[in-house]
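For reference, coords09.cif is printed below; it contains mmCIF, C-alpha atoms and all ligand atoms.
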data_protein
#
loop_
_atom_site.label_atom_id
_atom_site.label_comp_id
_atom_site.auth_asym_id
_atom_site.auth_seq_id
_atom_site.Cartn_x
_atom_site.Cartn_y
_atom_site.Cartn_z
CA MET A 1 27.40 -17.78 9.09
CA SER A 2 24.12 -16.85 7.38
CA THR A 3 23.59 -13.29 6.12
CA ALA A 4 20.93 -12.74 8.79
CA ASP A 5 23.41 -13.80 11.51
CA TYR A 6 26.15 -11.65 9.97
CA ILE A 7 23.84 -8.61 9.98
CA ALA A 8 22.81 -9.32 13.59
CA GLU A 9 26.45 -9.67 14.69
CA LYS A 10 27.55 -6.47 12.97
CA ALA A 11 24.48 -4.58 14.19
CA ALA A 12 25.39 -5.56 17.77
CA ALA A 13 28.96 -4.32 17.25
CA VAL A 14 27.57 -1.04 15.89
CA GLN A 15 25.30 -0.77 18.93
CA ASP A 16 28.33 -1.09 21.24
CA ALA A 17 30.28 1.47 19.26
CA LEU A 18 27.35 3.91 19.29
CA HIS A 19 27.32 3.69 23.09
CA GLN A 20 30.92 4.89 23.17
CA ALA A 21 30.49 7.49 20.44
CA LEU A 22 29.09 10.29 22.60
CA PRO A 23 31.76 10.88 25.25
CA GLN A 24 30.37 10.55 28.80
CA GLU A 25 32.64 13.31 30.06
CA TRP A 26 31.16 15.90 27.69
CA ASP A 27 29.00 18.44 29.47
CA VAL A 28 25.76 17.91 27.51
CA PRO A 29 22.32 18.89 28.86
CA GLU A 30 20.89 15.63 30.20
CA ARG A 31 17.58 16.01 28.33
CA LEU A 32 19.43 16.43 25.02
CA ARG A 33 21.65 13.41 25.65
CA GLU A 34 18.55 11.36 26.55
CA ALA A 35 16.73 12.44 23.40
CA MET A 36 19.73 11.59 21.19
CA LEU A 37 20.17 8.17 22.80
CA TYR A 38 16.42 7.48 22.80
CA SER A 39 16.25 7.45 19.01
CA LEU A 40 19.73 5.97 18.47
CA ASN A 41 18.80 3.03 20.72
CA ALA A 42 15.27 2.60 19.39
CA GLY A 43 16.18 -0.56 17.49
CA GLY A 44 16.62 0.24 13.81
CA LYS A 45 17.85 -2.38 11.37
CA ARG A 46 21.34 -0.76 11.23
CA LEU A 47 21.36 -1.39 7.49
CA ARG A 48 23.59 1.56 6.60
CA PRO A 49 26.33 0.95 9.19
CA VAL A 50 26.36 -2.77 8.37
CA LEU A 51 26.84 -1.83 4.71
CA VAL A 52 29.80 0.39 5.68
CA LEU A 53 31.42 -2.59 7.41
CA ALA A 54 30.58 -5.07 4.63
CA ALA A 55 32.00 -2.77 1.95
CA ALA A 56 35.25 -2.34 3.88
CA GLU A 57 35.35 -6.11 4.31
CA ALA A 58 34.87 -6.59 0.55
CA VAL A 59 38.21 -4.85 0.01
CA ASN A 60 40.24 -5.97 3.00
CA GLY A 61 38.64 -8.89 4.81
CA GLU A 62 36.68 -8.84 8.03
CA ALA A 63 39.30 -8.38 10.74
CA GLU A 64 41.09 -5.51 9.02
CA ALA A 65 37.91 -3.72 8.05
CA ALA A 66 36.05 -3.56 11.34
CA GLY A 67 38.11 -1.11 13.39
CA ALA A 68 38.82 1.37 10.64
CA ALA A 69 35.27 1.53 9.35
CA MET A 70 33.40 1.61 12.68
CA PRO A 71 33.52 5.42 13.27
CA ILE A 72 32.04 5.90 9.79
CA ALA A 73 29.40 3.26 10.54
CA CYS A 74 28.41 5.22 13.66
CA ALA A 75 28.39 8.49 11.73
CA ILE A 76 25.96 7.26 9.08
CA GLU A 77 23.59 5.81 11.67
CA MET A 78 23.57 9.22 13.39
CA VAL A 79 22.72 11.00 10.15
CA HIS A 80 20.02 8.45 9.37
CA THR A 81 18.56 8.74 12.88
CA TYR A 82 18.51 12.54 12.72
CA SER A 83 16.65 12.32 9.40
CA LEU A 84 14.02 10.03 10.93
CA ILE A 85 13.53 12.32 13.97
CA HIS A 86 13.02 15.35 11.73
CA ASP A 87 10.89 13.43 9.22
CA ASP A 88 8.49 12.45 12.03
CA LEU A 89 7.91 16.06 13.17
CA PRO A 90 4.46 17.64 12.77
CA ALA A 91 5.84 19.97 10.07
CA MET A 92 6.86 16.96 7.99
CA ASP A 93 5.22 13.51 8.23
CA ASP A 94 3.65 14.06 11.65
CA ASP A 95 4.16 10.50 12.88
CA ASP A 96 3.44 9.25 16.41
CA PHE A 97 5.43 6.02 16.21
CA ARG A 98 8.82 5.08 14.83
CA ARG A 99 10.69 1.81 15.22
CA GLY A 100 7.75 0.60 17.33
CA LYS A 101 8.14 3.36 19.92
CA PRO A 102 6.63 6.85 20.34
CA THR A 103 8.47 9.31 18.11
CA ASN A 104 11.13 11.57 19.59
CA HIS A 105 8.95 14.69 19.65
CA LYS A 106 6.11 12.77 21.33
CA VAL A 107 8.46 11.96 24.22
CA PHE A 108 10.71 15.03 24.41
CA GLY A 109 8.65 17.74 22.71
CA GLU A 110 9.26 19.32 19.32
CA ALA A 111 12.02 21.72 20.34
CA VAL A 112 14.22 19.07 21.95
CA ALA A 113 13.51 16.64 19.08
CA ILE A 114 14.72 19.21 16.54
CA LEU A 115 17.81 19.86 18.63
CA ALA A 116 18.50 16.13 19.12
CA GLY A 117 18.40 15.73 15.33
CA ASP A 118 20.70 18.73 14.87
CA ALA A 119 23.11 17.34 17.44
CA LEU A 120 23.19 13.87 15.83
CA LEU A 121 23.91 15.36 12.41
CA THR A 122 26.70 17.50 13.82
CA HIS A 123 28.14 14.70 15.89
CA ALA A 124 28.35 12.48 12.81
CA PHE A 125 31.11 14.72 11.46
CA TYR A 126 32.95 14.47 14.80
CA CYS A 127 32.84 10.67 14.42
CA VAL A 128 34.23 10.85 10.88
CA ALA A 129 37.11 12.99 12.16
CA GLN A 130 37.85 10.31 14.80
CA ALA A 131 38.49 7.82 11.98
CA ALA A 132 41.50 9.87 10.87
CA LYS A 133 42.55 10.79 14.39
CA ASN A 134 42.85 7.18 15.51
CA GLY A 135 45.14 6.63 12.54
CA ARG A 136 43.27 3.78 10.91
CA VAL A 137 41.97 5.81 7.96
CA SER A 138 44.22 8.14 5.97
CA ALA A 139 43.62 11.89 6.16
CA GLU A 140 43.02 11.89 2.41
CA ALA A 141 40.32 9.21 2.60
CA THR A 142 38.73 10.96 5.60
CA LEU A 143 38.59 14.24 3.70
CA ALA A 144 36.81 12.50 0.80
CA ILE A 145 34.38 10.90 3.27
CA VAL A 146 33.57 14.30 4.86
CA GLU A 147 32.98 15.82 1.44
CA GLU A 148 30.73 12.96 0.33
CA LEU A 149 28.75 12.90 3.57
CA ALA A 150 28.06 16.63 3.36
CA ARG A 151 27.01 16.30 -0.29
CA LEU A 152 24.90 13.14 -0.07
CA ALA A 153 23.17 14.02 3.20
CA GLY A 154 22.70 17.67 2.17
CA ALA A 155 20.84 19.76 -0.41
CA PRO A 156 21.97 17.79 -3.49
CA GLY A 157 21.30 14.55 -1.57
CA MET A 158 18.89 13.43 1.14
CA VAL A 159 17.63 16.90 2.14
CA GLY A 160 16.97 17.68 -1.55
CA GLY A 161 15.10 14.38 -1.96
CA GLN A 162 13.01 15.05 1.12
CA THR A 163 12.22 18.57 -0.14
CA ALA A 164 11.14 17.28 -3.56
CA ASP A 165 8.98 14.69 -1.85
CA LEU A 166 7.27 17.22 0.43
CA LEU A 167 6.75 19.86 -2.25
CA GLY A 168 5.70 17.29 -4.87
CA GLU A 169 3.35 15.42 -2.61
CA GLN A 170 0.20 14.84 -4.72
CA GLY A 171 1.61 16.11 -8.01
CA ILE A 172 3.98 13.24 -8.81
CA THR A 173 2.80 11.31 -11.84
CA THR A 174 5.83 9.67 -13.44
CA ILE A 175 8.39 7.02 -12.53
CA GLU A 176 11.15 9.55 -13.36
CA GLU A 177 9.88 11.99 -10.72
CA LEU A 178 9.56 9.17 -8.22
CA ASP A 179 13.07 7.88 -9.03
CA TYR A 180 14.51 11.36 -8.35
CA ILE A 181 12.97 11.33 -4.87
CA HIS A 182 14.03 7.74 -4.12
CA LEU A 183 17.54 8.31 -5.45
CA HIS A 184 18.14 11.23 -3.14
CA LYS A 185 15.96 10.50 -0.15
CA THR A 186 16.98 6.85 0.16
CA SER A 187 19.82 5.83 -2.20
CA ASP A 188 22.25 8.64 -1.47
CA LEU A 189 22.89 7.59 2.16
CA ILE A 190 23.15 3.94 1.10
CA ALA A 191 25.60 4.81 -1.69
CA PHE A 192 27.54 6.93 0.78
CA SER A 193 27.70 3.99 3.20
CA VAL A 194 29.25 1.52 0.80
CA GLN A 195 31.61 4.02 -0.81
CA ALA A 196 32.81 5.35 2.54
CA GLY A 197 33.30 1.78 3.78
CA GLY A 198 35.35 1.08 0.67
CA ARG A 199 37.41 4.25 1.20
CA THR A 200 38.32 3.26 4.76
CA ALA A 201 39.82 0.07 3.32
CA GLY A 202 41.66 1.72 0.41
CA ALA A 203 39.35 0.69 -2.45
CA SER A 204 40.58 1.56 -5.97
CA SER A 205 38.75 4.21 -8.00
CA SER A 206 37.06 1.55 -10.15
CA GLN A 207 35.96 -0.28 -7.02
CA LEU A 208 34.57 2.97 -5.58
CA GLU A 209 32.68 3.54 -8.80
CA ALA A 210 31.22 0.01 -8.60
CA LEU A 211 30.25 0.59 -4.97
CA GLY A 212 28.46 3.80 -6.00
CA ILE A 213 26.42 1.91 -8.61
CA PHE A 214 25.73 -0.88 -6.11
CA GLY A 215 24.56 1.59 -3.46
CA ARG A 216 22.31 3.60 -5.76
CA LYS A 217 20.62 0.54 -7.25
CA LEU A 218 20.33 -1.19 -3.88
CA GLY A 219 18.79 1.97 -2.43
CA LEU A 220 16.18 2.13 -5.19
CA ALA A 221 15.39 -1.58 -4.73
CA PHE A 222 15.19 -1.09 -0.95
CA GLN A 223 12.71 1.79 -1.28
CA ILE A 224 10.46 -0.08 -3.75
CA GLN A 225 10.54 -3.14 -1.47
CA ASP A 226 9.65 -0.86 1.46
CA ASP A 227 6.63 0.46 -0.43
CA ILE A 228 5.59 -3.09 -1.38
CA LEU A 229 5.84 -4.20 2.26
CA ASP A 230 3.92 -1.13 3.45
CA LEU A 231 1.11 -1.95 1.07
CA VAL A 232 1.04 -5.64 1.98
CA GLY A 233 1.03 -4.65 5.67
CA ASP A 234 -1.78 -2.14 5.16
CA GLU A 235 -3.87 -4.71 3.31
CA ALA A 236 -3.32 -7.29 6.03
CA LYS A 237 -4.34 -4.74 8.68
CA LEU A 238 -7.47 -3.88 6.77
CA GLY A 239 -8.22 -7.57 6.24
CA LYS A 240 -9.25 -6.98 2.66
CA LYS A 241 -7.61 -6.52 -0.70
CA THR A 242 -7.81 -2.76 -0.74
CA ASN A 243 -5.00 -0.57 -1.93
CA SER A 244 -4.95 1.78 1.04
CA ASP A 245 -2.05 3.74 -0.47
CA VAL A 246 -4.29 4.47 -3.43
CA GLU A 247 -6.92 5.69 -0.98
CA GLN A 248 -4.34 7.92 0.69
CA ASN A 249 -3.03 9.06 -2.72
CA LYS A 250 0.50 8.07 -1.74
CA VAL A 251 2.36 7.79 -5.04
CA THR A 252 4.70 4.79 -4.96
CA TYR A 253 6.02 2.17 -7.39
CA PRO A 254 3.14 -0.22 -6.56
CA TYR A 255 0.71 2.67 -7.09
CA LEU A 256 2.15 3.56 -10.51
CA LEU A 257 3.20 0.12 -11.80
CA GLY A 258 1.28 -2.45 -9.74
CA MET A 259 2.71 -5.13 -7.43
CA ASP A 260 4.05 -7.58 -10.00
CA LYS A 261 6.02 -5.01 -12.00
CA SER A 262 7.30 -3.46 -8.77
CA ARG A 263 8.60 -6.84 -7.60
CA GLU A 264 10.29 -7.32 -10.99
CA GLU A 265 11.95 -3.93 -10.57
CA VAL A 266 13.32 -4.93 -7.15
CA GLU A 267 14.78 -8.10 -8.69
CA ARG A 268 16.24 -6.28 -11.70
CA LEU A 269 17.85 -3.52 -9.61
CA THR A 270 19.26 -6.03 -7.14
CA ALA A 271 20.77 -8.13 -9.95
CA GLU A 272 22.35 -5.03 -11.51
CA ALA A 273 23.69 -3.88 -8.14
CA LYS A 274 25.31 -7.26 -7.56
CA GLN A 275 26.73 -7.37 -11.07
CA ALA A 276 28.57 -4.07 -10.51
CA VAL A 277 30.29 -5.52 -7.42
CA GLU A 278 30.94 -8.91 -9.02
CA GLU A 279 32.80 -7.26 -11.90
CA ALA A 280 34.95 -4.97 -9.74
CA GLY A 281 37.53 -7.49 -8.52
CA PHE A 282 36.89 -7.38 -4.76
CA ALA A 283 38.77 -9.94 -2.67
CA TYR A 284 35.86 -10.62 -0.29
CA PRO A 285 32.57 -9.53 -1.93
CA ASP A 286 30.33 -12.26 -0.49
CA ARG A 287 28.83 -10.36 2.45
CA LEU A 288 27.92 -7.37 0.31
CA LEU A 289 26.29 -9.65 -2.27
CA GLY A 290 24.51 -11.60 0.46
CA ILE A 291 23.05 -8.41 1.95
CA ALA A 292 21.66 -7.42 -1.47
CA ASP A 293 19.85 -10.77 -1.74
CA TYR A 294 18.71 -10.59 1.88
CA LEU A 295 17.14 -7.15 1.39
CA MET A 296 15.36 -8.27 -1.78
CA LYS A 297 13.77 -11.17 0.09
CA ARG A 298 13.02 -9.36 3.37
CA ASP A 299 9.46 -9.35 4.66
CA HIS A 300 9.73 -6.55 7.24
C1 LIG B 401 14.22 15.09 7.35
C2 LIG B 401 16.20 15.74 5.91
C3 LIG B 401 15.17 14.77 6.27
C4 LIG B 401 15.12 13.62 5.59
C5 LIG B 401 14.19 12.54 5.88
C6 LIG B 401 14.71 9.18 6.08
C7 LIG B 401 13.78 10.19 5.51
C8 LIG B 401 14.36 11.43 4.90
C9 LIG B 401 12.47 10.02 5.60
C10 LIG B 401 11.84 8.85 6.28
C11 LIG B 401 10.78 8.28 5.42
C12 LIG B 401 11.30 7.32 4.40
C13 LIG B 401 10.38 6.23 3.98
C14 LIG B 401 12.49 7.47 3.88
C15 LIG B 401 13.08 6.61 2.88
C16 LIG B 401 14.25 5.91 3.47
C17 LIG B 401 13.81 4.83 4.38
C18 LIG B 401 13.14 3.64 3.82
C19 LIG B 401 14.05 4.98 5.66
C20 LIG B 401 13.82 3.95 6.68
O1 LIG B 401 15.04 3.27 6.78
P1 LIG B 401 15.17 1.89 7.53
O2 LIG B 401 14.09 0.96 7.06
O3 LIG B 401 14.87 2.34 9.03
O4 LIG B 401 16.58 1.41 7.38
P2 LIG B 401 15.41 1.71 10.40
O5 LIG B 401 14.42 2.18 11.44
O6 LIG B 401 15.46 0.22 10.28
O7 LIG B 401 16.77 2.29 10.63
#
Please, can you express the file's structure as structure tokens?
Amino acid sequence: MSTADYIAEKAAAVQDALHQALPQEWDVPERLREAMLYSLNAGGKRLRPVLVLAAAEAVNGEAEAAGAAMPIACAIEMVHTYSLIHDDLPAMDDDDFRRGKPTNHKVFGEAVAILAGDALLTHAFYCVAQAAKNGRVSAEATLAIVEELARLAGAPGMVGGQTADLLGEQGITTIEELDYIHLHKTSDLIAFSVQAGGRTAGASSSQLEALGIFGRKLGLAFQIQDDILDLVGDEAKLGKKTNSDVEQNKVTYPYLLGMDKSREEVERLTAEAKQAVEEAGFAYPDRLLGIADYLMKRDH
């Protein structure tokens, strides 16, 4: 099976699991449930949950990995989705469209959008607890996953990265400042995903360390590639070779280093990410390595 087919198959399994993840019998205000499901079902790439599953598979093989890791896969997609809902709000990026659909606050209003994000973040921790409760992940591993999720999604992680980005906005001038933002805003959830996947499958401490390196480097490569694709897309829309991000003063890798050097960075980071996994003695690393290559070559 190709990597694209593998990602599609796992993303479909995640979609099914997400449908079950918010119990029907819970007495939740209908508008809130709708708002949560609206963004969860809006058709994201499911990159983070697929990485959870692929990392578990790297340790244990596909069949073993899937059931144990799935609650964690759902949890990370909920955290990611909450971050997108909040990021789109007028107080932050003020976006009208996300994943090709009107943003959550455009459909449900700001107050419900904020609450839907809050509820998804909170529910993620419920999902993590289910992993231990259904007996497929040890209590010790689950505790470590809770701790890491709180850290990497929180102030020292994604929220910190988002804050630095918002407060820095026009004042960022160096690659180091940009790397700090990328590392926390983007890489931390990706690193969490692969490490948590590994933990569900009983990865050794050296394997967890390798997964951390893989996730951080892959996250940086992913963000630079995202900025390259944004710029290429903007240029195509404008129908001329104009750097619209330069016009908007959006400081990115392509803005600071140019396209060619940015592409080289994506290749270098991807190679280093793969090397960390290749050297860590996983029994089934191929899917994880395939996803790294797939992301480097993606065009959307
Ligand atoms: C509001 C606390 C808080 C954080 C927001 C996710 C985020 C942090 C901001 C969104 C803007 C952005 C470009 C973030 C960098 C990470 C990133 C590239 C997110 C988009 O992830 P994809 O491409 O999205 O995986 P889909 O829609 O496919 O799930």
query: Neighbours of ligand LIG 401 (chain B) within 7 Å, counting all atoms listed in the file, as a list of chain:residue names?
result: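 What falls inside 7 Å of ligand LIG 401 (chain B) is A:Gly43, A:Gly44, A:Lys45, A:Arg46, A:Leu47, A:His80, A:Ser83, A:Leu84, A:His86, A:Asp87, A:Arg99, A:Met158, A:Val159, A:Gln162, A:Lys185, A:Thr186, A:Gln223, A:Asp226.
Residue neighbourhood of Phe97 of chain A, excluding near-sequence residues (fewer than 3 positions): Ser39, Ala42, Leu84, Ile85, Asp87, Asp88, Leu89, Asp93, Asp94, Gly100, Lys101, Pro102, Thr103, Asn104, His105, Lys106 and Val107 of chain A, at 12 Å, using only C-alpha atoms.
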message: Counting all atoms listed in the file, I want the residues whose atoms come within 9 Å of (15.6, 4.8, 0.2) in the file frame, returned as a ChimeraX atom specification.
response: /A:181-190,218-224,226
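Going from atom CA of Leu53 of chain A over to atom CA of His19 of chain A, you cover 17.4 Å.
Across the model, the gap from atom CA of Arg199 of chain A to atom CA of Ala132 of chain A is 11.9 Å.
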query: What separation in Å, quoted to one decimal, exists between atom CA of Tyr126 of chain A and atom CA of Ala73 of chain A?
result: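 Atom CA of Tyr126 of chain A sits 12.5 Å away from atom CA of Ala73 of chain A.
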- request: Find the residues near Met70 of chain A: any atom within 9 Å, counting all atoms listed in the file, skip ones fewer than 3 places away on the same chain, and give them as a list in words.
  value: Ala13, Val14, Ala17, Pro49, Val52, Leu53, Ala65, Ala66, Gly67, Ala73, Cys74, Ala75, Ala131 and Gly197 of chain A
query: Which one is closest to Gly281 of chain A: A:Glu177, A:Gln207, A:Ala144, A:Asp96? Count all atoms listed in the file.
result: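 Looking only at the distances to Gly281 of chain A, the closest residue turns out to be A:Gln207.
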message: Can you pull out the residues contacting Glu265 of chain A? Cut-off 10 Å, using all atoms listed in the file, and skip same-chain residues under 3 positions away; I want them as a list of chain:residue names.
response: A:Leu220, A:Ala221, A:Ile224, A:Gln225, A:Tyr253, A:Leu257, A:Met259, A:Asp260, A:Lys261, A:Ser262, A:Arg268, A:Leu269, A:Thr270, A:Ala271
Compile a residue-level contact table for segment 19-63 of chain A against segment 283-289 of chain A at a cut-off of 7 Å, reporting for every qualifying residue the shortest atom pair and its distance in Å to one decimal, with all atoms listed in the file counted, rows ordered by chain and ascending number, as CSV.
residue,atom,partner,partner_atom,distance
A:Ala54,CA,A:Leu288,CA,5.6
A:Ala55,CA,A:Leu288,CA,6.4
A:Glu57,CA,A:Tyr284,CA,6.5
A:Ala58,CA,A:Tyr284,CA,4.2
A:Val59,CA,A:Ala283,CA,5.8
A:Gly61,CA,A:Tyr284,CA,6.1
message: I'd like the contact shell of Gly135 of chain A - 12 Å cut-off, all atoms listed in the file, skipping same-chain residues fewer than 5 positions apart - returned as a PyMOL selection string.
response: chain A and resi 67-69+71+128-130+140-142+200
field: Nearest residue to Val194 of chain A from the set A:Leu121, A:Leu178, A:Cys127, A:Leu149 (distances using all atoms listed in the file)
entry: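 Checking each of A:Leu121, A:Leu178, A:Cys127, A:Leu149 against Val194 of chain A, counting all atoms listed in the file, the winner is A:Leu149.
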message: Counting all atoms listed in the file, which residue out of A:Leu22, A:Ile213, A:Ala201, A:Met78 sits closest to Glu62 of chain A?
response: A:Ala201
message: Can you pull out the residues contacting Tyr180 of chain A? Cut-off 9 Å, using all atoms listed in the file, and skip same-chain residues under 5 positions away; I want them as a PyMOL selection string.
response: chain A and resi 161+164+175+185
message: Under the rule that only C-alpha atoms are counted, which of A:Thr174, A:Ser138, A:Thr122, A:Ser205 is the nearest residue to Ala150 of chain A?
response: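 Ranked by minimum distance to Ala150 of chain A, first place goes to A:Thr122.
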- request: Within 6 Å of (25.2, -3.5, -0.6) (coordinates as in the file), grab all the protein and nucleic acid residues, counting all atoms listed in the file, and write them out as a ChimeraX atom specification.
  value: /A:51,215,288,291-292
field: Nearest to Ser193 of chain A by atom-to-atom distance, counting all atoms listed in the file, from A:Ala91, A:Ala12, A:Ile72, A:Leu143
entry: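 Comparing A:Ala91, A:Ala12, A:Ile72, A:Leu143 against Ser193 of chain A, the winner is A:Ile72.
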task: Identify which of the residues A:Leu18, A:Val251, A:Val79, A:Ala35 lies closest to Asp165 of chain A, counting only C-alpha atoms when measuring atom-to-atom distances.
output: A:Val251
How would segment 201-217 of chain A look with N, CA and C atoms restored, written as a PDB file, keeping the file's coordinate frame?
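Written out: rebuild-v6.pdb:
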ATOM      1  N   ALA A 201      38.991   1.253   3.549  1.00  0.00           N
ATOM      2  CA  ALA A 201      39.820   0.070   3.320  1.00  0.00           C
ATOM      3  C   ALA A 201      40.751   0.247   2.122  1.00  0.00           C
ATOM      4  N   GLY A 202      40.758   1.458   1.535  1.00  0.00           N
ATOM      5  CA  GLY A 202      41.660   1.720   0.410  1.00  0.00           C
ATOM      6  C   GLY A 202      41.181   1.157  -0.914  1.00  0.00           C
ATOM      7  N   ALA A 203      39.887   1.177  -1.166  1.00  0.00           N
ATOM      8  CA  ALA A 203      39.350   0.690  -2.450  1.00  0.00           C
ATOM      9  C   ALA A 203      39.918   1.518  -3.611  1.00  0.00           C
ATOM     10  N   SER A 204      40.087   0.853  -4.762  1.00  0.00           N
ATOM     11  CA  SER A 204      40.580   1.560  -5.970  1.00  0.00           C
ATOM     12  C   SER A 204      39.457   2.441  -6.527  1.00  0.00           C
ATOM     13  N   SER A 205      39.804   3.329  -7.469  1.00  0.00           N
ATOM     14  CA  SER A 205      38.750   4.210  -8.000  1.00  0.00           C
ATOM     15  C   SER A 205      37.696   3.410  -8.759  1.00  0.00           C
ATOM     16  N   SER A 206      38.097   2.337  -9.442  1.00  0.00           N
ATOM     17  CA  SER A 206      37.060   1.550 -10.150  1.00  0.00           C
ATOM     18  C   SER A 206      36.182   0.792  -9.153  1.00  0.00           C
ATOM     19  N   GLN A 207      36.779   0.367  -8.051  1.00  0.00           N
ATOM     20  CA  GLN A 207      35.960  -0.280  -7.020  1.00  0.00           C
ATOM     21  C   GLN A 207      34.988   0.720  -6.377  1.00  0.00           C
ATOM     22  N   LEU A 208      35.465   1.949  -6.158  1.00  0.00           N
ATOM     23  CA  LEU A 208      34.570   2.970  -5.580  1.00  0.00           C
ATOM     24  C   LEU A 208      33.416   3.271  -6.531  1.00  0.00           C
ATOM     25  N   GLU A 209      33.740   3.300  -7.820  1.00  0.00           N
ATOM     26  CA  GLU A 209      32.680   3.540  -8.800  1.00  0.00           C
ATOM     27  C   GLU A 209      31.645   2.398  -8.746  1.00  0.00           C
ATOM     28  N   ALA A 210      32.131   1.172  -8.676  1.00  0.00           N
ATOM     29  CA  ALA A 210      31.220   0.010  -8.600  1.00  0.00           C
ATOM     30  C   ALA A 210      30.375   0.076  -7.319  1.00  0.00           C
ATOM     31  N   LEU A 211      30.996   0.490  -6.227  1.00  0.00           N
ATOM     32  CA  LEU A 211      30.250   0.590  -4.970  1.00  0.00           C
ATOM     33  C   LEU A 211      29.157   1.667  -5.068  1.00  0.00           C
ATOM     34  N   GLY A 212      29.456   2.746  -5.788  1.00  0.00           N
ATOM     35  CA  GLY A 212      28.460   3.800  -6.000  1.00  0.00           C
ATOM     36  C   GLY A 212      27.246   3.262  -6.761  1.00  0.00           C
ATOM     37  N   ILE A 213      27.523   2.494  -7.822  1.00  0.00           N
ATOM     38  CA  ILE A 213      26.420   1.910  -8.610  1.00  0.00           C
ATOM     39  C   ILE A 213      25.632   0.930  -7.734  1.00  0.00           C
ATOM     40  N   PHE A 214      26.377   0.090  -7.020  1.00  0.00           N
ATOM     41  CA  PHE A 214      25.730  -0.880  -6.110  1.00  0.00           C
ATOM     42  C   PHE A 214      24.819  -0.168  -5.125  1.00  0.00           C
ATOM     43  N   GLY A 215      25.325   0.886  -4.493  1.00  0.00           N
ATOM     44  CA  GLY A 215      24.560   1.590  -3.460  1.00  0.00           C
ATOM     45  C   GLY A 215      23.321   2.267  -4.022  1.00  0.00           C
ATOM     46  N   ARG A 216      23.473   2.899  -5.185  1.00  0.00           N
ATOM     47  CA  ARG A 216      22.310   3.600  -5.760  1.00  0.00           C
ATOM     48  C   ARG A 216      21.220   2.612  -6.149  1.00  0.00           C
ATOM     49  N   LYS A 217      21.619   1.522  -6.803  1.00  0.00           N
ATOM     50  CA  LYS A 217      20.620   0.540  -7.250  1.00  0.00           C
ATOM     51  C   LYS A 217      20.005  -0.199  -6.050  1.00  0.00           C
TER      52      LYS A 217
END
